[in-house]
Amino acid sequence: MAKSSTRIELLQGTLDMLILRTLLFGPSHGHQIAKHIQRTTEEILQVERGSLYPALHRLERKGWIAAKWELAGKDLKREFKYYRLTATGKKQLVAEESKWKQFTGAIARVMWPAEEG
Amino acid sequence: MRWPLGKKREQNLERELRSHLQLEAEEQLERGLSLEQAQYTAQRVLGNKTLLKEEMREMWRWTSLERFWQDLRYAVRVLRKNLGFSAAAVLSLALGIGANTAIFSLVDGLWMRSMAVPRSNEIVRLFSTTSQNPEDTFSYLEYLALKDQARGFQGLVARGGRGIQLPNKDGTSELHTVNVVSDNLFSALGIQPLAGRIFTPADKDLLNHEPVAVLGNSFWKRRFGSDRGIVGQQIEFQRGNQRVLFTVLGVLPETFRDR
């Protein structure tokens, strides 16, 4: 896997939140989730397989997402493991989001004090 | 001892990864790679079972053992500081036995058979796999943890190689490899001494207080001219600036070959 110096490492737990948020759009398989995050962030965030799948399985174990194998692809002959957000997952997402807002707000107040009226 | 990843879960993850990699290969095709190149890439990625497996192991290690590893890294650091040469090292000279501790087991009967260890075909060698090293070793603390959890085995022994210097009278020194081994090594493998005695887990107190060594046969012949009187004597090992006296507890038979 190519290592780029502009790549930003995700903070622990942040990937989980991004996955949950991505799944709010509807069920997706791993590859779609990774693509979505990459495209939305204009490739700034690269989601590596090595962190994506452990995260998905961890979230599944926690019951925040549920998975199901389904046939898809051009000819409906290929199977993918689709993940969807569960009700607890949605609640978790809300909690994570507010925690994240607090966090970034706190960082912002230190970094750009003038901008905070 | 069980790898935390169940068979079914492993197959599932493999299926999942496979479809992911397939999509990646297709993307490359769309990006303008020639069909030939894309097929090659796809084959390389998909046909490479080892790559898949390695990636999976890496993931599961991370998922299941994340915290365990953090503890371990700490343990290894602590051990490197403390266990070195100065601790109650249990040395057995040139004992070419590989009873390393591990997560993946590998039957290595042929190798052991040459050592004249009874029932050598029942011995498995364990090692860990990391991204840096496919055959990595374990720390002593890790060994202790594994030993506690080992089910279906009569015993789990540990061995680690160390390079030492043996000072000669004329001021020069010989370089040797010694094996730092667990106290149960000889009893678990059913090895009897040629002269003197071997140590067992019952020698715990002795091992904690006094550095002792069991000599390999060829080393004993070469260095001490097969002198049985060496048993009970002390020999000096040097490692870096440290010099430590080890008491010779016994000598191993010729059938138990030094490496």
# chains A, B, ... in the order shown; residues from 1 in each chain; ligands from 1
>>> residues_around(residues="Gly30 in chain A", least_positions_apart="2", cutoff="8 Å", atoms="only C-alpha atoms", output="PyMOL selection string")
(chain A and resi 28+32-34+52-53+56+81-83) or (chain B and resi 16+20)
>>> closest_atom_pairs(of="chain A", to="chain B", cutoff="7 Å", atoms="only C-alpha atoms", output="CSV")
residue,atom,partner,partner_atom,distance
A:His31,CA,B:His20,CA,5.6
A:Gly50,CA,B:Met59,CA,5.9
A:Pro54,CA,B:Thr63,CA,5.8
A:Phe80,CA,B:Glu16,CA,6.6
A:Lys81,CA,B:Glu16,CA,6.3
>>> select_by_dssp(residues="range 18-100 of chain A", states="alpha helix (DSSP H)", output="ChimeraX atom specification")
/A:18-23,30-40,49-62,87-100
>>> atom_distance(atom1="CA of Glu122 in chain B", atom2="CA of Val251 in chain B")
24.7 Å
>>> residues_around(residues="Glu97 in chain A", least_positions_apart="5", cutoff="10 Å", atoms="only C-alpha atoms", output="list in words")
Thr14, Met17, Leu18, Arg21, Lys91, Gln92, Gln102 and Phe103 of chain A
>>> write_last_selection(atoms="N, CA and C atoms", output="CSV table (one decimal), in the first residue's frame")
chain,number,residue,atom,x,y,z
A,14,THR,N,-12.1,7.5,15.9
A,14,THR,CA,-12.7,8.3,14.9
A,14,THR,C,-13.2,7.5,13.7
A,17,MET,N,-16.6,6.2,14.3
A,17,MET,CA,-17.6,7.2,14.1
A,17,MET,C,-17.9,7.5,12.7
A,18,LEU,N,-16.9,7.5,11.9
A,18,LEU,CA,-17.0,7.8,10.4
A,18,LEU,C,-17.8,6.6,9.8
A,21,ARG,N,-21.4,6.9,10.7
A,21,ARG,CA,-22.0,8.0,9.9
A,21,ARG,C,-22.3,7.6,8.5
A,91,LYS,N,-27.9,5.6,18.2
A,91,LYS,CA,-27.7,6.3,19.5
A,91,LYS,C,-26.2,6.5,19.7
A,92,GLN,N,-25.4,5.5,19.5
A,92,GLN,CA,-24.0,5.6,19.7
A,92,GLN,C,-23.4,6.8,18.8
A,102,GLN,N,-17.5,18.5,21.0
A,102,GLN,CA,-16.9,19.1,22.2
A,102,GLN,C,-15.3,19.1,22.0
A,103,PHE,N,-14.9,18.0,21.5
A,103,PHE,CA,-13.4,17.8,21.4
A,103,PHE,C,-12.8,18.8,20.4
>>> atom_distance(atom1="CA of Asn184 in chain B", atom2="CA of Lys221 in chain B")
25.2 Å
>>> select_by_dssp(residues="range 201-247 of chain B", states="strand (DSSP E or B)", output="PyMOL selection string")
chain B and resi 212-215+234-239+242-247
>>> closest_residue(among="A:Gln46, A:Thr22, A:Trp64, A:Asp16", to="Glu96 in chain A", atoms="only C-alpha atoms")
A:Asp16
>>> atom_distance(atom1="CA of Phe199 in chain B", atom2="CA of Ser187 in chain B")
8.1 Å
>>> residues_around(residues="Asp183 in chain B", least_positions_apart="5", cutoff="8 Å", atoms="only C-alpha atoms", output="list in words")
Val90, Val157, Phe199, Thr200, Pro201, Asp203 and Lys204 of chain B
>>> residues_around(residues="Gly240 in chain B", least_positions_apart="2", cutoff="10 Å", atoms="only C-alpha atoms", output="list in words")
Phe85, Gly163, Ile164, Gln165, Phe237, Gln238, Gln242 and Arg243 of chain B
>>> decode(residues="range 58-74 of chain A", atoms="N, CA and C atoms", output="PDB file, in the first residue's frame")
ATOM      1  N   ARG A  58     -15.490  -5.123  15.091  1.00  0.00           N
ATOM      2  CA  ARG A  58     -15.604  -4.649  16.463  1.00  0.00           C
ATOM      3  C   ARG A  58     -16.973  -4.004  16.675  1.00  0.00           C
ATOM      4  N   LEU A  59     -17.386  -3.187  15.700  1.00  0.00           N
ATOM      5  CA  LEU A  59     -18.684  -2.519  15.808  1.00  0.00           C
ATOM      6  C   LEU A  59     -19.824  -3.538  15.758  1.00  0.00           C
ATOM      7  N   GLU A  60     -19.603  -4.578  14.964  1.00  0.00           N
ATOM      8  CA  GLU A  60     -20.622  -5.625  14.859  1.00  0.00           C
ATOM      9  C   GLU A  60     -20.771  -6.344  16.198  1.00  0.00           C
ATOM     10  N   ARG A  61     -19.634  -6.632  16.818  1.00  0.00           N
ATOM     11  CA  ARG A  61     -19.676  -7.309  18.112  1.00  0.00           C
ATOM     12  C   ARG A  61     -20.359  -6.456  19.166  1.00  0.00           C
ATOM     13  N   LYS A  62     -20.144  -5.155  19.067  1.00  0.00           N
ATOM     14  CA  LYS A  62     -20.766  -4.252  20.030  1.00  0.00           C
ATOM     15  C   LYS A  62     -22.256  -4.083  19.761  1.00  0.00           C
ATOM     16  N   GLY A  63     -22.706  -4.553  18.612  1.00  0.00           N
ATOM     17  CA  GLY A  63     -24.125  -4.470  18.287  1.00  0.00           C
ATOM     18  C   GLY A  63     -24.533  -3.137  17.683  1.00  0.00           C
ATOM     19  N   TRP A  64     -23.537  -2.327  17.327  1.00  0.00           N
ATOM     20  CA  TRP A  64     -23.863  -1.023  16.753  1.00  0.00           C
ATOM     21  C   TRP A  64     -24.169  -1.131  15.262  1.00  0.00           C
ATOM     22  N   ILE A  65     -23.606  -2.145  14.637  1.00  0.00           N
ATOM     23  CA  ILE A  65     -23.968  -2.421  13.251  1.00  0.00           C
ATOM     24  C   ILE A  65     -24.308  -3.909  13.137  1.00  0.00           C
ATOM     25  N   ALA A  66     -25.081  -4.241  12.124  1.00  0.00           N
ATOM     26  CA  ALA A  66     -25.420  -5.649  11.883  1.00  0.00           C
ATOM     27  C   ALA A  66     -25.005  -5.969  10.453  1.00  0.00           C
ATOM     28  N   ALA A  67     -24.701  -7.237  10.217  1.00  0.00           N
ATOM     29  CA  ALA A  67     -24.203  -7.596   8.887  1.00  0.00           C
ATOM     30  C   ALA A  67     -25.012  -8.722   8.256  1.00  0.00           C
ATOM     31  N   LYS A  68     -25.013  -8.708   6.953  1.00  0.00           N
ATOM     32  CA  LYS A  68     -25.744  -9.739   6.215  1.00  0.00           C
ATOM     33  C   LYS A  68     -25.064  -9.943   4.863  1.00  0.00           C
ATOM     34  N   TRP A  69     -24.917 -11.199   4.486  1.00  0.00           N
ATOM     35  CA  TRP A  69     -24.316 -11.491   3.179  1.00  0.00           C
ATOM     36  C   TRP A  69     -25.388 -11.356   2.110  1.00  0.00           C
ATOM     37  N   GLU A  70     -25.051 -10.620   1.061  1.00  0.00           N
ATOM     38  CA  GLU A  70     -26.027 -10.473  -0.015  1.00  0.00           C
ATOM     39  C   GLU A  70     -25.349 -10.544  -1.364  1.00  0.00           C
ATOM     40  N   LEU A  71     -26.120 -11.015  -2.343  1.00  0.00           N
ATOM     41  CA  LEU A  71     -25.598 -11.061  -3.701  1.00  0.00           C
ATOM     42  C   LEU A  71     -25.757  -9.693  -4.329  1.00  0.00           C
ATOM     43  N   ALA A  72     -24.713  -9.270  -4.994  1.00  0.00           N
ATOM     44  CA  ALA A  72     -24.767  -7.969  -5.660  1.00  0.00           C
ATOM     45  C   ALA A  72     -23.779  -7.978  -6.819  1.00  0.00           C
ATOM     46  N   GLY A  73     -23.462  -6.821  -7.297  1.00  0.00           N
ATOM     47  CA  GLY A  73     -22.540  -6.740  -8.422  1.00  0.00           C
ATOM     48  C   GLY A  73     -23.298  -6.723  -9.726  1.00  0.00           C
ATOM     49  N   LYS A  74     -22.552  -6.664 -10.820  1.00  0.00           N
ATOM     50  CA  LYS A  74     -23.155  -6.527 -12.144  1.00  0.00           C
ATOM     51  C   LYS A  74     -24.178  -7.609 -12.430  1.00  0.00           C
TER      52      LYS A  74
END
